[in-house]
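Colleague: One structure is given below, represented as C-alpha cells, and several questions about it will come after.
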Amino acid sequence: MKIAIIGAGNLGKSIAKGLIVNNAFTTLYLTKRNTEAIKSYEEYSKVTVTSDNQEAVKNSDILIFAVQPQQLERILEEIKDLLTDKHVLISTITGFKIDRIEAIVGKDQFIIRAMPNTAIAVGKSMTCMCSNEKGEKRIAIAEAIFNRLGTSIIIKENKMQAATVICASGIAFWMRLIRATTQGAVQLGFDAKDAQQLAMNTCLGAASLLVESGKHPEEEIDKVTTPKGCTIEGLNEMEHNGLSSSLIKGLQASFKKINNISEQ
Ligand SMILES: NC(=O)C1=CN([C@@H]2O[C@H](COP(=O)(O)OP(=O)(O)OC[C@H]3O[C@@H](n4cnc5c(N)ncnc54)[C@H](OP(=O)(O)O)[C@@H]3O)[C@@H](O)[C@H]2O)C=CC1
Ligand SMILES: O=C(O)[C@@H]1CCC=N1
C-alpha cells in the first residue's frame, strides 16, 4: 500500500512508527510544514519526508490526515484537484464530520473517518471507524491497515465523539491509573522502576484476561476476592472513595467538552 500521512505530529508519527515496525506499506510519505523534527524517518527504507502535500498525494493511494482540525480545510483545498479514483481519504481529525470533508472534496470520494490512539505506535491501537456512502466500498482497506496496527471496529458516525473519549483520550486516563498504582506500590516498599513494572504488567494482564476469554470483568474479580480477604477490603475502600463514579464522571466531562469543541 502506498500511504501518505499528511501532518506527521504526535498521532501521525505514532501511525508512522506502527506502519514501519509492522512493515505495512509499499511506500510511505510523511508531511509537515517544518520537516526538521521528522527528518530521521528518512533513514527507513521507502519513507519520504516532505513539506509538499501535493507530491505526497500524487505518489500515494491511502491518504491519512492527522493535522489539527483548523488546518484540514486548507489542506483539502490544496489537494482536492489531485484526487482520483485510486485515493482513499482517512481522516483522524477530532470532531471533523464527513459532510464537511465532502463539502470540499465532493461526495464522490472514498472518505473514512478513523479514531485511532497513540498505542498505534506499538501495534495496539483500538481504532473506531466510519465512512461516507462511497467509502463503504473501501473501508475494508482501512480495516486491514488498522487491524495490522491493533484492533478496529466500524461504528456509526454519531458515536465518533464518544469513541474519541473512550479510546483516544482513554490512553491518558489509563496512564493515570497506572501511575497511581505505581505511586501506591512505592508507598508499599517497591522502588519506582519495579513499581511501574508491577503496575503496567498487572494492567496488561487484566486486559488480556478479558480480551482472550471474552468474560465480564466482575467474573474475574470474583476469582480474586477471597471472602473477608484483602482484595475486597481494598476494592470496597476504593469504591467508597468514588473509583467507578469518578471515572464515569470524567468520561462524561470529556464527552461534554469534545461536543463543545466541535460546535465551535
Ligand atoms: N494525539 C492523539 O492521541 C490523537 C489525536 N487525534 C487527532 O489527530 C489530529 C492530530 O493531533 P496531534 O497529532 O496531537 O497534533 P499535532 O499538532 O502534534 O500534529 C499535527 C501536525 O500537522 C502538521 N501540519 C500542520 N499544517 C500542515 C500542513 N499544511 N501540511 C502538512 N502538515 C501540517 C504540523 O506540523 P507543522 O506545523 O510543522 O506543519 C503538526 O506536526 C488532531 O485532529 C487530533 O484531534 C486523534 C486521535 C488521537
Ligand atoms: O485531547 C484532545 O482533545 C484530542 C482528542 C483525542 C486526543 N487528543
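Chain lettering (A, B, ...) mirrors the order of the C-alpha cells, residue numbering begins at 1 for each chain separately, and ligand numbering begins at 1 in order of display.
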Could you list, as an MDAnalysis selection string, all protein and nucleic acid residues with an atom at most 8 Å from ligand 2, counting only C-alpha atoms and all ligand atoms?

Modeller: chainID A and resid 94 117 164:165 168:169 258

Colleague: Write out the residues from the selection above, keeping N, CA and C atoms, as a JSON list (two decimals), in the first residue's frame.

Modeller:
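Saved the output as result_18.json:
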[["chain", "number", "residue", "atom", "x", "y", "z"],
["A", 94, "THR", "N", -10.29, 15.03, 15.03],
["A", 94, "THR", "CA", -11.34, 15.04, 16.04],
["A", 94, "THR", "C", -12.46, 16.01, 15.66],
["A", 117, "ASN", "N", -5.66, 5.50, 18.50],
["A", 117, "ASN", "CA", -4.99, 6.14, 19.63],
["A", 117, "ASN", "C", -3.49, 5.96, 19.49],
["A", 164, "THR", "N", -13.86, 8.80, 20.68],
["A", 164, "THR", "CA", -12.65, 9.59, 20.90],
["A", 164, "THR", "C", -12.32, 9.66, 22.39],
["A", 165, "VAL", "N", -13.37, 9.90, 23.19],
["A", 165, "VAL", "CA", -13.17, 9.99, 24.64],
["A", 165, "VAL", "C", -12.67, 8.64, 25.20],
["A", 168, "ALA", "N", -9.21, 7.40, 22.40],
["A", 168, "ALA", "CA", -8.06, 8.29, 22.18],
["A", 168, "ALA", "C", -7.65, 8.98, 23.49],
["A", 169, "SER", "N", -8.60, 9.68, 24.13],
["A", 169, "SER", "CA", -8.30, 10.26, 25.44],
["A", 169, "SER", "C", -8.05, 9.14, 26.44],
["A", 258, "ILE", "N", -15.74, 17.65, 24.33],
["A", 258, "ILE", "CA", -15.49, 17.36, 22.91],
["A", 258, "ILE", "C", -16.66, 17.86, 22.06]]

Colleague: Using only C-alpha atoms and all ligand atoms, which protein or nucleic acid residues are at most 6 Å from ligand 1, as a PyMOL selection string?

Modeller: chain A and resi 6-12+31-34+66-69+71+75+92-94+115-118+168

Colleague: Please provide the set of residues having any atom within 6 Å of region 106-111 of chain A, restricted to only C-alpha atoms, with same-chain residues fewer than 2 positions apart removed, written as a PyMOL selection string.

Modeller: chain A and resi 88-89+102-104+131-132+134-135

Colleague: Enumerate the residues of region 73-109 of chain A with a DSSP assignment of helix (DSSP H, G or I), computed from the backbone, and present them as an MDAnalysis selection string.

Modeller: chainID A and resid 73:82 98:105

Colleague: So which one's closest to Ser262 (chain A), A:Met160, A:Ile79, A:Val105, A:Ile62? Using only C-alpha atoms, please.

Modeller: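 Under the stated criterion, the closest residue is A:Met160.
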
Colleague: Counting only C-alpha atoms, what is within 10 Å of Leu149 (chain A), bar same-chain residues fewer than 6 positions away, as a list in words?

Modeller: Ile15, Lys17, Gly18, Leu19, Val21, Asn22, Ala24, Pro116, Ala119, Ile120, Ala121, Val122, Gly123, Lys124, Ser125, Met126, Thr127 and Glu143 of chain A

Colleague: Identify, with DSSP run on backbone atoms, the residues in region 54-176 of chain A assigned to strand (DSSP E or B), and express the list as a ChimeraX atom specification.

Modeller: /A:62-65,88-91,110-115,125-131,150-154

Colleague: Just to confirm, what's the straight-line distance from CA of Ala114 (chain A) to CA of Ser91 (chain A) in Å (one decimal)?

Modeller: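 Interatomic distance here is 5.9 Å.
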
Colleague: Could you list, as a list in words, every residue within 10 Å of region 47-50 of chain A, counting only C-alpha atoms and ignoring same-chain residues fewer than 6 positions away?

Modeller: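 Non-adjacent residues within range: Ile3, Ala4, Ile5, Ile6, Ala8, Ala16, Ile20, Phe25, Thr26, Thr27, Leu28, Tyr29, Leu30, Thr31, Lys32, Arg33, Asn34, Thr35, Glu36, Ile38, Lys39, Ser40, Tyr41 and Ala56 of chain A.
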
Colleague: Smallest atom-to-atom distance to Ala253 (chain A): which of A:Asp99, A:Ile141, A:Ala162, A:Val211, using only C-alpha atoms?

Modeller: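 Counting only C-alpha atoms, the residue closest to Ala253 (chain A) is A:Ala162.
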
Colleague: Quick one: everything within 7 Å of region 190-206 of chain A, counting only C-alpha atoms, minus sequence neighbours fewer than 4 positions away in the same chain. Send it as an NGL selection string.

Modeller: :A and (178 or 181-182 or 185-186 or 210)

Colleague: Selection from above, N, CA and C atoms, as a JSON list (two decimals), in the first residue's frame, can you write it?

Modeller:
[["chain", "number", "residue", "atom", "x", "y", "z"],
["A", 178, "ILE", "N", -2.43, 3.79, 35.90],
["A", 178, "ILE", "CA", -1.18, 3.02, 36.08],
["A", 178, "ILE", "C", -0.22, 3.80, 36.97],
["A", 181, "THR", "N", -1.25, 3.53, 40.58],
["A", 181, "THR", "CA", -0.89, 2.23, 41.13],
["A", 181, "THR", "C", 0.61, 2.20, 41.44],
["A", 182, "THR", "N", 1.39, 2.81, 40.55],
["A", 182, "THR", "CA", 2.84, 2.88, 40.77],
["A", 182, "THR", "C", 3.15, 3.64, 42.06],
["A", 185, "ALA", "N", 2.43, 1.48, 44.94],
["A", 185, "ALA", "CA", 3.43, 0.41, 45.10],
["A", 185, "ALA", "C", 4.71, 0.95, 45.74],
["A", 186, "VAL", "N", 5.08, 2.18, 45.40],
["A", 186, "VAL", "CA", 6.26, 2.78, 46.03],
["A", 186, "VAL", "C", 6.01, 2.94, 47.53],
["A", 210, "LEU", "N", -9.52, -10.44, 29.83],
["A", 210, "LEU", "CA", -10.83, -10.15, 29.24],
["A", 210, "LEU", "C", -10.82, -10.32, 27.73]]

Colleague: Just give me the gap between CA of Cys230 (chain A) and CA of Leu209 (chain A) in Å, one decimal is fine.

Modeller: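 Computing the Euclidean distance for CA of Cys230 (chain A) and CA of Leu209 (chain A) yields 21.1 Å.
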
Colleague: Which of these residues is nearest to Asn259 (chain A), using only C-alpha atoms: A:Asn53, A:Gln161, A:Lys97, A:Lys137?

Modeller: A:Gln161

Colleague: Tell me which of A:Phe65, A:Lys58, A:Leu247, A:Lys159 sits closest to Leu83 (chain A), counting only C-alpha atoms.

Modeller: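 Looking only at the distances to Leu83 (chain A), the closest residue turns out to be A:Lys58.
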